Amino acid sequence: MTQVQQGEFVTWVLFCFAVALAVAVVVYYKFCKSCASCWPASNRSRAFTGSLQPQEIFQMKFQTGEIVTFYMFGFTVALTATVVAYYKFLGPKIDSKSVNRFVNDVNFLKMAIEKEKATVVLHDMEDETEDFAHRIFKVATIMRINFLKKDRCTRSINFFVAGLFFILGVYSFIYATKVTFAYRFTTYEVSMTLLVLTWKVQSLISMVFLVYWQLYGHLRSFRRRLAGCQQLKGLAQGRRMIDGNTHFFFVILVFEVSICFAFAAKYHLSEFHTEYSTVLSRVFFYTELRPLYTCVTVYLYLVWNIALFVLILYTNATFLEVRYFNQQIEKFDGSDENAEEDLLAHMNTYGDLIGVIRQLDRIFRFYTFIMIVTTIPSMIFTLMMMNQRIHSFTDLLFCSPSISLCIYSFFAVTIAPARLHDEIRLTKTCFCQNKSIWFPYRREVYLIASTFASHMEQYELGVSVWGFAVLSRPLILGTLSATAMLMSLLTELAPKADLFSDHSTKHS
């Protein structure tokens, strides 16, 4: 026996309803409603007694309601016949298994659509991570050092501009180095020159790394992996820190630009110039082109700051995600019925965070090594400059920009990674202090928790100095102590008089 399909069943219900409606309307108009014009009184009485002849019934006039009802009835009959003929003779035979397969396919499509929506949300979050660094990359876009966009024309222009400034920067660095070691200057001038050369080295290296990170997709892949851990919930919770870092970036930007142009204005407005300044002004052969040297210097310093704050922001974003994870561990209820599944989910999230931290280390480990190696000499040169120059409060104000930039360059590389390292070490403490995980004793929860705690014993996690040591607070303290000891040694060995020549007698 052929099974009745759902479409047939619905059509038969509509057919029965139309038949009942048609009968009711006809009965109403023929036997209930009084209509003198079409139904005489003698015929009404004879209709109720059943003595009307058939020819007399057909001679009666039909009302509008009856006609409409008959049209509806005829349409329903035709529709019913069409649907039944389709399902019985023309349509495909659909059994219950086919219906179940169809339902399963619909559910699969729903799951696929939900997964695609989650992927779109994840990519939107990733695009917003132009998000935690998008303002910095806007500055990079203005400076033509942004290679995240894949537009060929834009990239070609950026390559030309960045390459031009890089070549000019390398040339000015070589020229300044030659001038420094070819002439005899005062100790203050030598210290200041070596400090500027160190900053140029850092700027050129930062430019190379910034372009490398973008071209090889390291920053983009890191953002995607970070967003896949906890959907950037920690970053959303600590957005104030990221905004504070961004505001500080613009403060440093304005400060460095102001200092560079202030020194350039001082040179152009001053009537007397030292021998070093006079020789350096001919870096591009003509003294009229000295503003070009200032522009190249400002450009390189800004690129240096962009690279530094990329390191700071990406490290702080990872720190916020780890801190959010630690907060979830502290709030975890180990007495819940689903404690085992929740612990396994936290373990999976922790594994993802470990992968993110290791990728962060692979991206920045060599860069942090070079920055620290070049920052320590800049600190020593700055202290030497202070020792030779500062004899009054005015001298201190004059040297304060160099001192500030030197301190900033050191702590910008070290503080954010050290904070991340401390937060990673805090994870096990938060986990072990959650008593609901350990008490009362439950065998399954205890075994998972013990395994989880053993995974947390990875003390080398963090941003390392090219794999030699992890950037941490003890390393910062040790570096500062070694720098102070070396500076005290140089101060004792240096002669009290000028190391090279007396600048005042030279120009008398």
# chains A, B, ... in the order shown; residues from 1 in each chain; ligands from 1
>>> closest_atom_pairs(of="region 227-266 of chain A", to="region 302-306 of chain A", cutoff="9 Å", atoms="only C-alpha atoms", output="JSON lines")
{"residue": "A:Phe249", "atom": "CA", "partner": "A:Asn305", "partner_atom": "CA", "distance": 7.5}
{"residue": "A:Ile252", "atom": "CA", "partner": "A:Asn305", "partner_atom": "CA", "distance": 8.0}
{"residue": "A:Leu253", "atom": "CA", "partner": "A:Leu302", "partner_atom": "CA", "distance": 6.7}
{"residue": "A:Glu256", "atom": "CA", "partner": "A:Leu302", "partner_atom": "CA", "distance": 8.0}
{"residue": "A:Val257", "atom": "CA", "partner": "A:Leu302", "partner_atom": "CA", "distance": 8.3}
>>> select_by_dssp(residues="region 225-314 of chain A", states="alpha helix (DSSP H)", output="tab-separated table (two decimals) with N, CA, C and O atoms, in the first residue's frame")
chain	number	residue	atom	x	y	z
A	225	ARG	N	45.92	33.37	15.42
A	225	ARG	CA	46.10	32.33	16.44
A	225	ARG	C	45.71	32.84	17.81
A	225	ARG	O	45.12	32.11	18.61
A	226	LEU	N	46.01	34.09	18.09
A	226	LEU	CA	45.62	34.67	19.38
A	226	LEU	C	44.11	34.77	19.48
A	226	LEU	O	43.53	34.49	20.54
A	227	ALA	N	43.44	35.16	18.40
A	227	ALA	CA	41.98	35.27	18.42
A	227	ALA	C	41.32	33.92	18.56
A	227	ALA	O	40.18	33.84	19.07
A	228	GLY	N	41.97	32.85	18.14
A	228	GLY	CA	41.38	31.52	18.25
A	228	GLY	C	41.45	30.91	19.62
A	228	GLY	O	40.81	29.88	19.86
A	229	CYS	N	42.19	31.49	20.54
A	229	CYS	CA	42.31	30.91	21.88
A	229	CYS	C	41.05	31.16	22.72
A	229	CYS	O	40.39	30.23	23.18
A	230	GLN	N	40.74	32.42	22.95
A	230	GLN	CA	39.61	32.79	23.80
A	230	GLN	C	38.73	33.87	23.17
A	230	GLN	O	38.05	34.60	23.87
A	233	LYS	N	38.75	37.65	24.46
A	233	LYS	CA	38.00	38.15	25.62
A	233	LYS	C	38.90	38.92	26.59
A	233	LYS	O	38.49	39.91	27.19
A	234	GLY	N	40.13	38.43	26.76
A	234	GLY	CA	41.05	39.15	27.62
A	234	GLY	C	41.42	40.50	27.07
A	234	GLY	O	41.55	41.48	27.82
A	235	LEU	N	41.57	40.59	25.75
A	235	LEU	CA	41.89	41.86	25.12
A	235	LEU	C	40.73	42.84	25.27
A	235	LEU	O	40.94	44.03	25.50
A	236	ALA	N	39.50	42.34	25.15
A	236	ALA	CA	38.34	43.22	25.33
A	236	ALA	C	38.23	43.69	26.77
A	236	ALA	O	37.84	44.83	27.04
A	237	GLN	N	38.60	42.84	27.72
A	237	GLN	CA	38.55	43.21	29.13
A	237	GLN	C	39.61	44.24	29.49
A	237	GLN	O	39.37	45.14	30.29
A	239	ARG	N	41.09	46.49	27.47
A	239	ARG	CA	41.26	47.43	26.36
A	239	ARG	C	41.90	48.74	26.81
A	239	ARG	O	42.58	49.41	26.01
A	240	ARG	N	41.72	49.10	28.06
A	240	ARG	CA	42.28	50.36	28.55
A	240	ARG	C	43.80	50.35	28.48
A	240	ARG	O	44.43	51.38	28.18
A	241	MET	N	44.41	49.19	28.75
A	241	MET	CA	45.87	49.11	28.67
A	241	MET	C	46.36	49.32	27.24
A	241	MET	O	47.33	50.06	27.01
A	242	ILE	N	45.68	48.70	26.26
A	242	ILE	CA	46.07	48.87	24.87
A	242	ILE	C	45.90	50.32	24.43
A	242	ILE	O	46.76	50.88	23.74
A	243	ASP	N	44.79	50.94	24.85
A	243	ASP	CA	44.59	52.35	24.51
A	243	ASP	C	45.65	53.23	25.15
A	243	ASP	O	46.13	54.19	24.53
A	244	GLY	N	46.03	52.91	26.38
A	244	GLY	CA	47.09	53.67	27.04
A	244	GLY	C	48.43	53.53	26.32
A	244	GLY	O	49.16	54.52	26.15
A	245	ASN	N	48.75	52.32	25.88
A	245	ASN	CA	49.98	52.12	25.09
A	245	ASN	C	49.95	52.91	23.80
A	245	ASN	O	50.95	53.51	23.39
A	246	THR	N	48.78	52.94	23.15
A	246	THR	CA	48.66	53.67	21.89
A	246	THR	C	48.82	55.17	22.11
A	246	THR	O	49.50	55.86	21.33
A	247	HIS	N	48.21	55.69	23.17
A	247	HIS	CA	48.36	57.12	23.47
A	247	HIS	C	49.81	57.47	23.79
A	247	HIS	O	50.31	58.52	23.36
A	248	PHE	N	50.48	56.58	24.51
A	248	PHE	CA	51.88	56.82	24.82
A	248	PHE	C	52.73	56.80	23.55
A	248	PHE	O	53.72	57.54	23.44
A	249	PHE	N	52.36	55.96	22.59
A	249	PHE	CA	53.06	55.92	21.31
A	249	PHE	C	53.00	57.28	20.62
A	249	PHE	O	54.02	57.78	20.12
A	250	PHE	N	51.84	57.89	20.62
A	250	PHE	CA	51.71	59.19	19.96
A	250	PHE	C	52.44	60.29	20.75
A	250	PHE	O	52.96	61.24	20.15
A	251	VAL	N	52.48	60.16	22.07
A	251	VAL	CA	53.25	61.12	22.87
A	251	VAL	C	54.73	61.04	22.52
A	251	VAL	O	55.40	62.07	22.31
A	252	ILE	N	55.25	59.81	22.45
A	252	ILE	CA	56.66	59.63	22.07
A	252	ILE	C	56.90	60.14	20.65
A	252	ILE	O	57.94	60.75	20.35
A	253	LEU	N	55.93	59.93	19.78
A	253	LEU	CA	56.05	60.38	18.41
A	253	LEU	C	56.22	61.90	18.35
A	253	LEU	O	57.14	62.42	17.70
A	254	VAL	N	55.33	62.60	19.04
A	254	VAL	CA	55.39	64.06	19.06
A	254	VAL	C	56.68	64.54	19.72
A	254	VAL	O	57.32	65.50	19.26
A	255	PHE	N	57.07	63.85	20.78
A	255	PHE	CA	58.28	64.24	21.51
A	255	PHE	C	59.52	64.12	20.61
A	255	PHE	O	60.34	65.04	20.54
A	256	GLU	N	59.66	63.01	19.91
A	256	GLU	CA	60.85	62.81	19.08
A	256	GLU	C	60.87	63.78	17.89
A	256	GLU	O	61.93	64.32	17.56
A	257	VAL	N	59.72	63.97	17.27
A	257	VAL	CA	59.67	64.91	16.15
A	257	VAL	C	60.02	66.32	16.62
A	257	VAL	O	60.77	67.06	15.96
A	258	SER	N	59.50	66.70	17.77
A	258	SER	CA	59.77	68.04	18.31
A	258	SER	C	61.25	68.21	18.62
A	258	SER	O	61.85	69.25	18.30
A	259	ILE	N	61.86	67.20	19.22
A	259	ILE	CA	63.28	67.28	19.57
A	259	ILE	C	64.14	67.38	18.31
A	259	ILE	O	65.06	68.22	18.22
A	260	CYS	N	63.85	66.56	17.31
A	260	CYS	CA	64.65	66.58	16.08
A	260	CYS	C	64.56	67.94	15.38
A	260	CYS	O	65.58	68.52	14.96
A	261	PHE	N	63.35	68.46	15.27
A	261	PHE	CA	63.21	69.74	14.59
A	261	PHE	C	63.71	70.90	15.45
A	261	PHE	O	64.13	71.94	14.92
A	262	ALA	N	63.70	70.74	16.77
A	262	ALA	CA	64.25	71.78	17.64
A	262	ALA	C	65.77	71.88	17.46
A	262	ALA	O	66.33	72.98	17.36
A	263	PHE	N	66.44	70.72	17.38
A	263	PHE	CA	67.88	70.74	17.15
A	263	PHE	C	68.20	71.27	15.75
A	263	PHE	O	69.20	71.96	15.55
A	264	ALA	N	67.35	70.93	14.78
A	264	ALA	CA	67.57	71.46	13.42
A	264	ALA	C	67.38	72.97	13.39
A	264	ALA	O	68.17	73.69	12.76
A	265	ALA	N	66.37	73.48	14.09
A	265	ALA	CA	66.16	74.92	14.15
A	265	ALA	C	67.30	75.61	14.88
A	265	ALA	O	67.73	76.71	14.50
A	266	LYS	N	67.80	74.97	15.93
A	266	LYS	CA	68.94	75.54	16.67
A	266	LYS	C	70.16	75.67	15.75
A	266	LYS	O	70.90	76.67	15.82
A	267	TYR	N	70.37	74.67	14.90
A	267	TYR	CA	71.52	74.74	13.99
A	267	TYR	C	71.35	75.89	13.00
A	267	TYR	O	72.30	76.65	12.75
A	268	HIS	N	70.15	76.04	12.43
A	268	HIS	CA	69.95	77.06	11.41
A	268	HIS	C	69.92	78.48	12.00
A	268	HIS	O	70.27	79.44	11.32
A	269	LEU	N	69.52	78.60	13.26
A	269	LEU	CA	69.43	79.92	13.87
A	269	LEU	C	70.72	80.33	14.58
A	269	LEU	O	70.89	81.49	14.92
A	275	GLU	N	82.90	72.25	14.79
A	275	GLU	CA	83.49	71.61	13.61
A	275	GLU	C	82.71	70.36	13.21
A	275	GLU	O	82.51	70.10	12.01
A	276	TYR	N	82.24	69.62	14.20
A	276	TYR	CA	81.48	68.41	13.91
A	276	TYR	C	80.18	68.75	13.18
A	276	TYR	O	79.82	68.11	12.18
A	277	SER	N	79.46	69.76	13.66
A	277	SER	CA	78.20	70.16	13.02
A	277	SER	C	78.44	70.66	11.60
A	277	SER	O	77.64	70.39	10.70
A	278	THR	N	79.54	71.38	11.41
A	278	THR	CA	79.83	71.90	10.08
A	278	THR	C	80.13	70.77	9.10
A	278	THR	O	79.64	70.76	7.96
A	279	VAL	N	80.93	69.81	9.54
A	279	VAL	CA	81.25	68.68	8.66
A	279	VAL	C	80.01	67.83	8.40
A	279	VAL	O	79.77	67.38	7.27
A	280	LEU	N	79.20	67.61	9.43
A	280	LEU	CA	78.02	66.77	9.28
A	280	LEU	C	76.96	67.41	8.39
A	280	LEU	O	76.18	66.71	7.74
A	290	ARG	N	70.88	70.04	4.28
A	290	ARG	CA	70.86	69.48	5.63
A	290	ARG	C	69.45	69.18	6.13
A	290	ARG	O	69.26	68.23	6.90
A	291	PRO	N	68.39	69.94	5.77
A	291	PRO	CA	67.03	69.54	6.18
A	291	PRO	C	66.65	68.13	5.71
A	291	PRO	O	65.85	67.46	6.37
A	292	LEU	N	67.22	67.68	4.58
A	292	LEU	CA	66.96	66.31	4.14
A	292	LEU	C	67.51	65.30	5.14
A	292	LEU	O	66.88	64.27	5.41
A	293	TYR	N	68.67	65.62	5.71
A	293	TYR	CA	69.25	64.76	6.75
A	293	TYR	C	68.33	64.70	7.97
A	293	TYR	O	68.13	63.62	8.56
A	294	THR	N	67.75	65.84	8.33
A	294	THR	CA	66.81	65.87	9.45
A	294	THR	C	65.57	65.03	9.16
A	294	THR	O	65.09	64.28	10.02
A	295	CYS	N	65.05	65.12	7.95
A	295	CYS	CA	63.86	64.36	7.57
A	295	CYS	C	64.14	62.85	7.59
A	295	CYS	O	63.31	62.06	8.07
A	296	VAL	N	65.31	62.46	7.09
A	296	VAL	CA	65.67	61.04	7.11
A	296	VAL	C	65.80	60.54	8.54
A	296	VAL	O	65.33	59.44	8.90
A	297	THR	N	66.40	61.35	9.40
A	297	THR	CA	66.55	60.98	10.81
A	297	THR	C	65.20	60.83	11.49
A	297	THR	O	64.96	59.85	12.22
A	298	VAL	N	64.30	61.78	11.27
A	298	VAL	CA	62.96	61.71	11.86
A	298	VAL	C	62.22	60.47	11.36
A	298	VAL	O	61.58	59.75	12.15
A	299	TYR	N	62.30	60.20	10.07
A	299	TYR	CA	61.63	59.03	9.50
A	299	TYR	C	62.13	57.74	10.15
A	299	TYR	O	61.33	56.87	10.54
A	300	LEU	N	63.45	57.62	10.28
A	300	LEU	CA	64.00	56.40	10.87
A	300	LEU	C	63.61	56.27	12.34
A	300	LEU	O	63.31	55.15	12.80
A	301	TYR	N	63.60	57.36	13.07
A	301	TYR	CA	63.19	57.30	14.47
A	301	TYR	C	61.73	56.88	14.61
A	301	TYR	O	61.36	56.11	15.52
A	302	LEU	N	60.87	57.36	13.72
A	302	LEU	CA	59.46	56.99	13.78
A	302	LEU	C	59.27	55.51	13.44
A	302	LEU	O	58.45	54.83	14.08
A	303	VAL	N	60.02	55.02	12.46
A	303	VAL	CA	59.94	53.59	12.15
A	303	VAL	C	60.42	52.76	13.33
A	303	VAL	O	59.85	51.70	13.65
A	304	TRP	N	61.46	53.22	13.98
A	304	TRP	CA	61.96	52.54	15.18
A	304	TRP	C	60.88	52.44	16.24
A	304	TRP	O	60.67	51.38	16.85
A	305	ASN	N	60.14	53.53	16.45
A	305	ASN	CA	59.07	53.51	17.45
A	305	ASN	C	57.91	52.62	17.03
A	305	ASN	O	57.29	51.97	17.87
A	306	ILE	N	57.61	52.57	15.74
A	306	ILE	CA	56.54	51.68	15.28
A	306	ILE	C	56.90	50.23	15.58
A	306	ILE	O	56.08	49.45	16.09
A	307	ALA	N	58.14	49.84	15.29
A	307	ALA	CA	58.57	48.47	15.57
A	307	ALA	C	58.56	48.17	17.06
A	307	ALA	O	58.13	47.08	17.49
A	308	LEU	N	59.01	49.12	17.87
A	308	LEU	CA	59.00	48.92	19.31
A	308	LEU	C	57.58	48.73	19.83
A	308	LEU	O	57.32	47.84	20.67
A	309	PHE	N	56.65	49.54	19.35
A	309	PHE	CA	55.29	49.44	19.87
A	309	PHE	C	54.53	48.26	19.28
A	309	PHE	O	53.55	47.80	19.87
A	310	VAL	N	54.96	47.76	18.13
A	310	VAL	CA	54.41	46.48	17.67
A	310	VAL	C	54.79	45.39	18.66
A	310	VAL	O	53.96	44.55	19.05
A	311	LEU	N	56.04	45.37	19.08
A	311	LEU	CA	56.48	44.44	20.11
A	311	LEU	C	55.70	44.62	21.40
A	311	LEU	O	55.20	43.65	22.01
A	312	ILE	N	55.53	45.87	21.84
A	312	ILE	CA	54.84	46.14	23.10
A	312	ILE	C	53.37	45.72	23.03
A	312	ILE	O	52.85	45.04	23.93
A	313	LEU	N	52.69	46.11	21.97
A	313	LEU	CA	51.25	45.83	21.88
A	313	LEU	C	50.97	44.35	21.71
A	313	LEU	O	50.04	43.82	22.32
A	314	TYR	N	51.75	43.67	20.90
A	314	TYR	CA	51.51	42.24	20.71
A	314	TYR	C	51.83	41.46	21.99
A	314	TYR	O	51.15	40.49	22.32
>>> closest_residue(among="A:Arg323, A:Arg144, A:Lys331, A:Lys138", to="Phe159 (chain A)", atoms="only C-alpha atoms")
A:Arg144
>>> residues_around(residues="Gly169 (chain A)", least_positions_apart="3", cutoff="10 Å", atoms="only C-alpha atoms", output="PyMOL selection string")
chain A and resi 163-166+172-175+200-201+203-204+293+296-297+299-300
>>> closest_residue(among="A:Gln327, A:Thr374, A:Ser409, A:Thr349", to="Glu423 (chain A)", atoms="only C-alpha atoms")
A:Gln327
>>> atom_distance(atom1="CA of Arg224 (chain A)", atom2="CA of Val356 (chain A)")
9.8 Å
>>> atom_distance(atom1="CA of Tyr459 (chain A)", atom2="CA of Gly334 (chain A)")
25.6 Å
>>> residues_around(residues="Phe325 (chain A)", least_positions_apart="5", cutoff="12 Å", atoms="only C-alpha atoms", output="count of residues only")
31
>>> closest_residue(among="A:Val463, A:Val23, A:Ile157, A:Ala339", to="Pro417 (chain A)", atoms="only C-alpha atoms")
A:Val463
>>> atom_distance(atom1="CA of Val283 (chain A)", atom2="CA of Glu271 (chain A)")
19.6 Å
